[in-house]
file final-v5.pdb (PDB, C-alpha atoms)
MODEL        1
ATOM      1  CA  MET A 210     -16.209  -3.283  -0.005
ATOM      2  CA  ARG A 211     -16.054  -2.563  -3.742
ATOM      3  CA  LEU A 212     -12.748  -1.330  -5.146
ATOM      4  CA  GLN A 213     -12.121  -0.398  -8.756
ATOM      5  CA  HIS A 214      -9.431   1.328 -10.793
ATOM      6  CA  HIS A 215     -10.577   3.994 -13.215
ATOM      7  CA  PRO A 216     -10.086   3.008 -16.885
ATOM      8  CA  ASP A 217      -7.748   5.987 -17.370
ATOM      9  CA  VAL A 218      -5.424   4.682 -14.645
ATOM     10  CA  ARG A 219      -5.405   1.210 -16.156
ATOM     11  CA  ALA A 220      -4.783   2.606 -19.640
ATOM     12  CA  GLU A 221      -1.790   4.610 -18.410
ATOM     13  CA  HIS A 222      -0.370   1.644 -16.480
ATOM     14  CA  PRO A 223      -1.237  -1.494 -18.513
ATOM     15  CA  THR A 224       0.928  -3.832 -16.398
ATOM     16  CA  LEU A 225      -1.041  -3.013 -13.233
ATOM     17  CA  ALA A 226      -1.962  -6.049 -11.130
ATOM     18  CA  VAL A 227      -4.266  -5.668  -8.140
ATOM     19  CA  GLY A 228      -5.065  -7.962  -5.231
ATOM     20  CA  THR A 229      -7.505  -7.374  -2.397
ATOM     21  CA  PHE A 230      -8.487  -9.140   0.812
ATOM     22  CA  GLU A 231     -11.171  -8.059   3.245
ATOM     23  CA  THR A 232     -11.292  -9.449   6.758
ATOM     24  CA  ALA A 233     -13.380  -8.813   9.858
ATOM     25  CA  GLY A 234     -12.876  -9.153  13.573
ATOM     26  CA  ILE A 235      -9.280  -7.964  13.859
ATOM     27  CA  SER A 236      -7.943  -6.750  17.190
ATOM     28  CA  PRO A 237      -4.740  -5.313  18.691
ATOM     29  CA  GLU A 238      -4.184  -8.620  20.508
ATOM     30  CA  MET A 239      -4.327 -10.980  17.533
ATOM     31  CA  PRO A 240      -1.167 -13.070  16.997
ATOM     32  CA  VAL A 241       0.781 -12.770  13.741
ATOM     33  CA  ASP A 242       4.104 -14.214  12.638
ATOM     34  CA  ILE A 243       6.109 -11.573  10.783
ATOM     35  CA  GLU A 244       9.704 -12.686  11.308
ATOM     36  CA  LYS A 245       9.780 -15.052   8.333
ATOM     37  CA  PHE A 246       8.786 -12.185   6.037
ATOM     38  CA  ILE A 247      11.326  -9.804   7.553
ATOM     39  CA  ALA A 248      14.006 -12.468   7.129
ATOM     40  CA  ARG A 249      13.121 -12.923   3.456
ATOM     41  CA  ALA A 250      13.438  -9.187   2.823
ATOM     42  CA  THR A 251      16.711  -8.983   4.759
ATOM     43  CA  ARG A 252      18.224 -11.768   2.670
ATOM     44  CA  ARG A 253      17.255 -10.015  -0.522
ATOM     45  CA  LEU A 254      18.634  -6.673   0.663
ATOM     46  CA  ALA A 255      21.947  -8.392   1.346
ATOM     47  CA  ASP A 256      22.287  -8.893  -2.420
ATOM     48  CA  GLY A 257      21.674  -5.242  -3.290
ATOM     49  CA  PRO A 258      19.665  -2.136  -2.378
ATOM     50  CA  GLU A 259      15.925  -1.886  -2.864
ATOM     51  CA  SER A 260      16.402   0.632  -5.680
ATOM     52  CA  GLU A 261      17.643  -2.247  -7.864
ATOM     53  CA  PHE A 262      14.554  -4.422  -7.312
ATOM     54  CA  PRO A 263      12.374  -4.661 -10.457
ATOM     55  CA  GLU A 264       9.259  -4.184  -8.309
ATOM     56  CA  ILE A 265      10.594  -0.859  -7.033
ATOM     57  CA  GLN A 266      11.954   0.250 -10.390
ATOM     58  CA  ALA A 267       8.493  -0.229 -11.918
ATOM     59  CA  TRP A 268       6.940   2.057  -9.320
ATOM     60  CA  ARG A 269       9.718   4.610  -9.798
ATOM     61  CA  ARG A 270       8.912   4.706 -13.514
ATOM     62  CA  ALA A 271       5.216   5.134 -12.706
ATOM     63  CA  PHE A 272       5.913   7.992 -10.302
ATOM     64  CA  ALA A 273       8.118   9.702 -12.906
ATOM     65  CA  LYS A 274       5.312   9.265 -15.436
ATOM     66  CA  MET A 275       2.976  11.008 -12.979
ATOM     67  CA  GLY A 276       5.389  13.945 -12.791
ATOM     68  CA  LEU A 277       6.769  13.029  -9.360
ATOM     69  CA  LYS A 278      10.459  12.835  -8.470
ATOM     70  CA  PRO A 279      10.920   9.136  -7.551
ATOM     71  CA  THR A 280      13.549   9.797  -4.887
ATOM     72  CA  GLN A 281      11.344  12.404  -3.225
ATOM     73  CA  TYR A 282       8.078  10.481  -3.377
ATOM     74  CA  ARG A 283       8.560   6.759  -2.872
ATOM     75  CA  CYS A 284       6.008   3.962  -2.993
ATOM     76  CA  ALA A 285       5.238   2.503   0.429
ATOM     77  CA  SER A 286       7.218  -0.705  -0.070
ATOM     78  CA  GLU A 287      10.344   1.187  -1.076
ATOM     79  CA  SER A 288      10.093   3.395   2.020
ATOM     80  CA  LEU A 289       9.729   0.339   4.249
ATOM     81  CA  LEU A 290      12.607  -1.501   2.581
ATOM     82  CA  ARG A 291      14.790   1.578   2.923
ATOM     83  CA  ARG A 292      13.998   1.762   6.626
ATOM     84  CA  LEU A 293      14.652  -1.945   7.101
ATOM     85  CA  ARG A 294      18.010  -1.659   5.321
ATOM     86  CA  LYS A 295      19.099   1.339   7.393
ATOM     87  CA  GLU A 296      17.676   0.400  10.804
ATOM     88  CA  GLY A 297      17.436  -3.378  10.639
ATOM     89  CA  SER A 298      13.819  -3.435  11.787
ATOM     90  CA  LEU A 299      10.337  -2.104  11.141
ATOM     91  CA  PRO A 300       8.107  -0.214  13.603
ATOM     92  CA  ARG A 301       5.417  -2.133  15.497
ATOM     93  CA  ILE A 302       2.033  -0.427  15.204
ATOM     94  CA  HIS A 303      -0.825  -2.972  15.131
ATOM     95  CA  PRO A 304      -0.678  -6.703  14.344
ATOM     96  CA  VAL A 305      -2.400  -6.339  10.950
ATOM     97  CA  ILE A 306      -0.269  -3.342   9.982
ATOM     98  CA  ASP A 307       2.875  -5.103  11.203
ATOM     99  CA  LEU A 308       1.998  -8.174   9.139
ATOM    100  CA  CYS A 309       1.241  -6.213   5.983
ATOM    101  CA  ASN A 310       4.410  -4.146   6.352
ATOM    102  CA  ALA A 311       6.450  -7.325   6.732
ATOM    103  CA  VAL A 312       4.802  -8.959   3.714
ATOM    104  CA  SER A 313       5.273  -5.740   1.748
ATOM    105  CA  VAL A 314       9.048  -5.790   2.269
ATOM    106  CA  ALA A 315       9.187  -9.532   1.608
ATOM    107  CA  TYR A 316       7.570  -9.073  -1.809
ATOM    108  CA  ALA A 317       8.761  -5.465  -2.409
ATOM    109  CA  ILE A 318       5.177  -4.549  -3.342
ATOM    110  CA  PRO A 319       3.132  -1.788  -1.674
ATOM    111  CA  ILE A 320       0.152  -2.704   0.488
ATOM    112  CA  ALA A 321      -2.607  -0.436   1.763
ATOM    113  CA  VAL A 322      -4.663  -1.361   4.841
ATOM    114  CA  LEU A 323      -7.899   0.592   5.245
ATOM    115  CA  ASP A 324     -10.483   0.698   8.031
ATOM    116  CA  VAL A 325     -13.684  -0.234   6.182
ATOM    117  CA  ALA A 326     -15.855   1.675   8.660
ATOM    118  CA  LYS A 327     -14.188   4.933   7.597
ATOM    119  CA  ILE A 328     -14.900   4.492   3.874
ATOM    120  CA  SER A 329     -18.110   5.928   2.403
ATOM    121  CA  GLY A 330     -19.534   3.687  -0.299
ATOM    122  CA  SER A 331     -17.204   2.176  -2.851
ATOM    123  CA  LEU A 332     -13.545   3.026  -3.381
ATOM    124  CA  GLU A 333     -11.939   4.048  -6.661
ATOM    125  CA  VAL A 334      -8.324   4.584  -7.637
ATOM    126  CA  ARG A 335      -8.565   7.575  -9.971
ATOM    127  CA  HIS A 336      -7.143  10.953 -10.887
ATOM    128  CA  ALA A 337      -8.001  13.671  -8.385
ATOM    129  CA  ARG A 338     -10.212  16.600  -9.307
ATOM    130  CA  GLY A 339      -8.528  18.687  -6.623
ATOM    131  CA  ASP A 340     -11.524  19.188  -4.356
ATOM    132  CA  GLU A 341     -11.150  15.907  -2.454
ATOM    133  CA  LYS A 342     -10.358  15.948   1.253
ATOM    134  CA  TYR A 343      -7.276  14.187   2.572
ATOM    135  CA  VAL A 344      -6.589  13.966   6.314
ATOM    136  CA  THR A 345      -2.958  13.519   7.330
ATOM    137  CA  PHE A 346      -1.847  11.386  10.287
ATOM    138  CA  ALA A 347      -1.347  14.662  12.156
ATOM    139  CA  GLY A 348      -4.988  15.550  11.560
ATOM    140  CA  THR A 349      -4.460  18.380   9.110
ATOM    141  CA  VAL A 350      -6.493  18.572   5.915
ATOM    142  CA  GLU A 351      -4.966  18.638   2.432
ATOM    143  CA  HIS A 352      -6.429  18.663  -1.059
ATOM    144  CA  PRO A 353      -4.728  16.440  -3.634
ATOM    145  CA  ASN A 354      -3.383  18.129  -6.737
ATOM    146  CA  PRO A 355      -5.632  17.842  -9.799
ATOM    147  CA  GLY A 356      -4.571  14.814 -11.825
ATOM    148  CA  GLU A 357      -2.839  13.123  -8.899
ATOM    149  CA  VAL A 358      -3.727   9.434  -8.498
ATOM    150  CA  ILE A 359      -5.681   8.873  -5.276
ATOM    151  CA  PHE A 360      -7.888   6.352  -3.489
ATOM    152  CA  ALA A 361     -11.244   8.157  -3.323
ATOM    153  CA  ASP A 362     -14.578   7.134  -1.828
ATOM    154  CA  GLU A 363     -18.037   8.269  -2.906
ATOM    155  CA  HIS A 364     -17.991  11.287  -0.565
ATOM    156  CA  GLY A 365     -14.757  12.659  -1.992
ATOM    157  CA  GLN A 366     -12.573  11.498   0.874
ATOM    158  CA  ALA A 367      -9.049  10.714  -0.343
ATOM    159  CA  HIS A 368      -7.694   7.668   1.486
ATOM    160  CA  ALA A 369      -4.277   7.805  -0.196
ATOM    161  CA  ARG A 370      -2.248  10.478  -1.973
ATOM    162  CA  ARG A 371       0.168   9.984  -4.866
ATOM    163  CA  TRP A 372      -1.231   6.486  -5.345
ATOM    164  CA  THR A 373       1.004   4.206  -3.258
ATOM    165  CA  ASN A 374       3.014   6.960  -1.596
ATOM    166  CA  ARG A 375       0.982   7.928   1.476
ATOM    167  CA  GLN A 376      -2.218   6.698   3.127
ATOM    168  CA  SER A 377      -4.666   8.891   5.028
ATOM    169  CA  GLY A 378      -4.944   9.121   8.777
ATOM    170  CA  HIS A 379      -8.723   9.120   8.355
ATOM    171  CA  SER A 380      -8.962   5.417   7.485
ATOM    172  CA  ALA A 381      -5.819   4.228   9.237
ATOM    173  CA  VAL A 382      -6.121   1.113  11.390
ATOM    174  CA  SER A 383      -6.574   1.897  15.087
ATOM    175  CA  ALA A 384      -7.242   0.006  18.304
ATOM    176  CA  THR A 385     -10.988   0.143  17.587
ATOM    177  CA  THR A 386     -10.774  -1.085  13.987
ATOM    178  CA  SER A 387     -12.663  -4.311  13.328
ATOM    179  CA  ASP A 388     -12.928  -4.730   9.544
ATOM    180  CA  VAL A 389     -10.139  -3.930   7.075
ATOM    181  CA  LEU A 390      -9.642  -3.865   3.338
ATOM    182  CA  ILE A 391      -6.137  -4.851   2.253
ATOM    183  CA  VAL A 392      -5.055  -3.723  -1.216
ATOM    184  CA  SER A 393      -1.830  -4.564  -3.022
ATOM    185  CA  GLU A 394      -0.751  -3.231  -6.425
ATOM    186  CA  GLY A 395       2.210  -4.164  -8.571
ATOM    187  CA  LEU A 396       3.496  -2.929 -11.936
ATOM    188  CA  HIS A 397       6.517  -5.116 -12.693
ATOM    189  CA  ALA A 398       6.609  -7.931 -15.234
ATOM    190  CA  THR A 399       5.587 -10.723 -12.842
ATOM    191  CA  ALA A 400       3.214  -8.572 -10.789
ATOM    192  CA  ALA A 401       0.087 -10.641 -11.453
ATOM    193  CA  GLU A 402       1.568 -13.794  -9.940
ATOM    194  CA  ASP A 403       3.491 -12.007  -7.196
ATOM    195  CA  VAL A 404       0.456 -10.037  -6.014
ATOM    196  CA  ARG A 405      -1.590 -13.241  -5.957
ATOM    197  CA  LEU A 406       1.002 -14.957  -3.782
ATOM    198  CA  LEU A 407       1.278 -11.892  -1.536
ATOM    199  CA  ILE A 408      -2.465 -11.819  -0.875
ATOM    200  CA  GLU A 409      -2.453 -15.564  -0.205
ATOM    201  CA  ALA A 410       0.357 -15.116   2.330
ATOM    202  CA  ILE A 411      -1.596 -12.439   4.199
ATOM    203  CA  ALA A 412      -4.840 -14.413   4.089
ATOM    204  CA  ASP A 413      -3.141 -17.577   5.354
ATOM    205  CA  GLU A 414      -1.576 -15.712   8.264
ATOM    206  CA  LEU A 415      -4.787 -13.933   9.273
ATOM    207  CA  ARG A 416      -6.764 -17.182   9.095
ATOM    208  CA  ARG A 417      -4.249 -19.015  11.258
ATOM    209  CA  PRO A 418      -5.813 -20.119  14.608
TER     210      PRO A 418
ENDMDL
END

call {"tool": "encode", "arguments": {"input": "final-v5.pdb", "output": "structure tokens"}}
result
Amino acid sequence: MRLQHHPDVRAEHPTLAVGTFETAGISPEMPVDIEKFIARATRRLADGPESEFPEIQAWRRAFAKMGLKPTQYRCASESLLRRLRKEGSLPRIHPVIDLCNAVSVAYAIPIAVLDVAKISGSLEVRHARGDEKYVTFAGTVEHPNPGEVIFADEHGQAHARRWTNRQSGHSAVSATTSDVLIVSEGLHATAAEDVRLLIEAIADELRRP
């Protein structure tokens, strides 16, 4: 699965670091160890709220730059950290999603998990034209606002809206998903190294016998 970021997106966000990992043969029964990642995030939250994390602050600045109110539209990792801080746990959905959510809070960096079978051709992170189709988790259809940063495939299907804010129900992992593309993006000063370590952590866990 080919993923690229449009040059305009990279020019507007020069600190962007991207990591990807594609894996096949996942199932709802596969074992994953997420508690160590949850514990790491919990320890960090004990020192201060997620809003003070440099990883989150970088995404808040990016959202403000895109014309979005950061406290109304949050990147995925901030939303998960906020939930973990308030409720003390994260929802269990599917082993791969559970793992990526746990790693996301551990590193405070957003992670997208996409069902490869639902993506047409290559995937590009770019500004929306406004005619793309986005399917919500409830099954309703939306059209991203022109200029909004989205994950778009070659058929104009938007697999995420507002960049790292919300994924699409169309390519969400389900019980029948076999192959997934995992994408992580960071904007903070040490994002390149942190994203590399994050992807390694996911890969190591998914390769574990």

call {"tool": "resolve_selection", "arguments": {"input": "final-v5.pdb", "expression": "the PyMOL selection byres ((chain A and resi 366-381) around 9)", "output": "PDB file with C-alpha atoms, keeping the file's coordinate frame"}}
result
ATOM      1  CA  TRP A 268       6.940   2.057  -9.320  1.00  0.00           C
ATOM      2  CA  PHE A 272       5.913   7.992 -10.302  1.00  0.00           C
ATOM      3  CA  MET A 275       2.976  11.008 -12.979  1.00  0.00           C
ATOM      4  CA  LEU A 277       6.769  13.029  -9.360  1.00  0.00           C
ATOM      5  CA  TYR A 282       8.078  10.481  -3.377  1.00  0.00           C
ATOM      6  CA  ARG A 283       8.560   6.759  -2.872  1.00  0.00           C
ATOM      7  CA  CYS A 284       6.008   3.962  -2.993  1.00  0.00           C
ATOM      8  CA  ALA A 285       5.238   2.503   0.429  1.00  0.00           C
ATOM      9  CA  SER A 286       7.218  -0.705  -0.070  1.00  0.00           C
ATOM     10  CA  SER A 288      10.093   3.395   2.020  1.00  0.00           C
ATOM     11  CA  PRO A 319       3.132  -1.788  -1.674  1.00  0.00           C
ATOM     12  CA  ILE A 320       0.152  -2.704   0.488  1.00  0.00           C
ATOM     13  CA  ALA A 321      -2.607  -0.436   1.763  1.00  0.00           C
ATOM     14  CA  VAL A 322      -4.663  -1.361   4.841  1.00  0.00           C
ATOM     15  CA  LEU A 323      -7.899   0.592   5.245  1.00  0.00           C
ATOM     16  CA  ASP A 324     -10.483   0.698   8.031  1.00  0.00           C
ATOM     17  CA  VAL A 325     -13.684  -0.234   6.182  1.00  0.00           C
ATOM     18  CA  ALA A 326     -15.855   1.675   8.660  1.00  0.00           C
ATOM     19  CA  LYS A 327     -14.188   4.933   7.597  1.00  0.00           C
ATOM     20  CA  ILE A 328     -14.900   4.492   3.874  1.00  0.00           C
ATOM     21  CA  SER A 329     -18.110   5.928   2.403  1.00  0.00           C
ATOM     22  CA  LEU A 332     -13.545   3.026  -3.381  1.00  0.00           C
ATOM     23  CA  VAL A 334      -8.324   4.584  -7.637  1.00  0.00           C
ATOM     24  CA  ARG A 335      -8.565   7.575  -9.971  1.00  0.00           C
ATOM     25  CA  ALA A 337      -8.001  13.671  -8.385  1.00  0.00           C
ATOM     26  CA  GLU A 341     -11.150  15.907  -2.454  1.00  0.00           C
ATOM     27  CA  LYS A 342     -10.358  15.948   1.253  1.00  0.00           C
ATOM     28  CA  TYR A 343      -7.276  14.187   2.572  1.00  0.00           C
ATOM     29  CA  VAL A 344      -6.589  13.966   6.314  1.00  0.00           C
ATOM     30  CA  THR A 345      -2.958  13.519   7.330  1.00  0.00           C
ATOM     31  CA  PHE A 346      -1.847  11.386  10.287  1.00  0.00           C
ATOM     32  CA  ALA A 347      -1.347  14.662  12.156  1.00  0.00           C
ATOM     33  CA  GLY A 348      -4.988  15.550  11.560  1.00  0.00           C
ATOM     34  CA  HIS A 352      -6.429  18.663  -1.059  1.00  0.00           C
ATOM     35  CA  PRO A 353      -4.728  16.440  -3.634  1.00  0.00           C
ATOM     36  CA  GLU A 357      -2.839  13.123  -8.899  1.00  0.00           C
ATOM     37  CA  VAL A 358      -3.727   9.434  -8.498  1.00  0.00           C
ATOM     38  CA  ILE A 359      -5.681   8.873  -5.276  1.00  0.00           C
ATOM     39  CA  PHE A 360      -7.888   6.352  -3.489  1.00  0.00           C
ATOM     40  CA  ALA A 361     -11.244   8.157  -3.323  1.00  0.00           C
ATOM     41  CA  ASP A 362     -14.578   7.134  -1.828  1.00  0.00           C
ATOM     42  CA  GLU A 363     -18.037   8.269  -2.906  1.00  0.00           C
ATOM     43  CA  HIS A 364     -17.991  11.287  -0.565  1.00  0.00           C
ATOM     44  CA  GLY A 365     -14.757  12.659  -1.992  1.00  0.00           C
ATOM     45  CA  VAL A 382      -6.121   1.113  11.390  1.00  0.00           C
ATOM     46  CA  SER A 383      -6.574   1.897  15.087  1.00  0.00           C
ATOM     47  CA  THR A 386     -10.774  -1.085  13.987  1.00  0.00           C
ATOM     48  CA  GLU A 394      -0.751  -3.231  -6.425  1.00  0.00           C
TER      49      GLU A 394
END

call {"tool": "closest_residue", "arguments": {"input": "final-v5.pdb", "among": "A:Cys309, A:Ala315, A:Gly356, A:Asp242", "to": "Phe262 (chain A)", "atoms": "only C-alpha atoms"}}
result
A:Ala315

call {"tool": "resolve_selection", "arguments": {"input": "final-v5.pdb", "expression": "the PyMOL selection byres ((chain A and resi 232) around 8)", "output": "list of chain:residue names"}}
result
A:Phe230, A:Glu231, A:Ala233, A:Gly234, A:Ile235, A:Asp388, A:Val389, A:Leu390

call {"tool": "resolve_selection", "arguments": {"input": "final-v5.pdb", "expression": "the PyMOL selection byres ((chain A and resi 401-410) around 7)", "output": "count of residues only"}}
result
16

call {"tool": "residues_near_point", "arguments": {"input": "final-v5.pdb", "point": "(-9.3, 14.2, -19.3)", "cutoff": "12 Å", "atoms": "only C-alpha atoms", "output": "mmCIF file with C-alpha atoms, in the coordinates of the input"}}
result
data_model
loop_
_atom_site.group_PDB
_atom_site.id
_atom_site.type_symbol
_atom_site.label_atom_id
_atom_site.label_comp_id
_atom_site.auth_asym_id
_atom_site.auth_seq_id
_atom_site.Cartn_x
_atom_site.Cartn_y
_atom_site.Cartn_z
ATOM 1 C CA HIS A 215 -10.577 3.994 -13.215
ATOM 2 C CA PRO A 216 -10.086 3.008 -16.885
ATOM 3 C CA ASP A 217 -7.748 5.987 -17.370
ATOM 4 C CA VAL A 218 -5.424 4.682 -14.645
ATOM 5 C CA ARG A 335 -8.565 7.575 -9.971
ATOM 6 C CA HIS A 336 -7.143 10.953 -10.887
ATOM 7 C CA ALA A 337 -8.001 13.671 -8.385
ATOM 8 C CA ARG A 338 -10.212 16.600 -9.307
ATOM 9 C CA PRO A 355 -5.632 17.842 -9.799
ATOM 10 C CA GLY A 356 -4.571 14.814 -11.825
#

call {"tool": "atom_distance", "arguments": {"input": "final-v5.pdb", "atom1": "CA of Glu244 (chain A)", "atom2": "CA of Val305 (chain A)"}}
result
13.7 Å

call {"tool": "atom_distance", "arguments": {"input": "final-v5.pdb", "atom1": "CA of Glu351 (chain A)", "atom2": "CA of Lys278 (chain A)"}}
result
19.8 Å

call {"tool": "atom_distance", "arguments": {"input": "final-v5.pdb", "atom1": "CA of His214 (chain A)", "atom2": "CA of Leu396 (chain A)"}}
result
13.7 Å

call {"tool": "residues_around", "arguments": {"input": "final-v5.pdb", "residues": "Leu299 (chain A)", "least_positions_apart": "2", "cutoff": "10 Å", "atoms": "only C-alpha atoms", "output": "JSON, numbers by chain"}}
result
{"A": [247, 289, 290, 292, 293, 294, 296, 297, 301, 302, 307, 310, 311, 314]}

call {"tool": "closest_residue", "arguments": {"input": "final-v5.pdb", "among": "A:Ile306, A:Arg211, A:Ala317, A:Ala271", "to": "Glu259 (chain A)", "atoms": "all atoms listed in the file"}}
result
A:Ala317

call {"tool": "residues_around", "arguments": {"input": "final-v5.pdb", "residues": "Ser236 (chain A)", "least_positions_apart": "5", "cutoff": "8 Å", "atoms": "only C-alpha atoms", "output": "PDB file with C-alpha atoms, in the frame of the given file"}}
result
ATOM      1  CA  PRO A 304      -0.678  -6.703  14.344  1.00  0.00           C
ATOM      2  CA  ALA A 384      -7.242   0.006  18.304  1.00  0.00           C
ATOM      3  CA  THR A 385     -10.988   0.143  17.587  1.00  0.00           C
ATOM      4  CA  THR A 386     -10.774  -1.085  13.987  1.00  0.00           C
ATOM      5  CA  SER A 387     -12.663  -4.311  13.328  1.00  0.00           C
TER       6      SER A 387
END

call {"tool": "closest_residue", "arguments": {"input": "final-v5.pdb", "among": "A:Leu308, A:Ala220, A:Ala255, A:Leu212", "to": "Val392 (chain A)", "atoms": "all atoms listed in the file"}}
result
A:Leu212
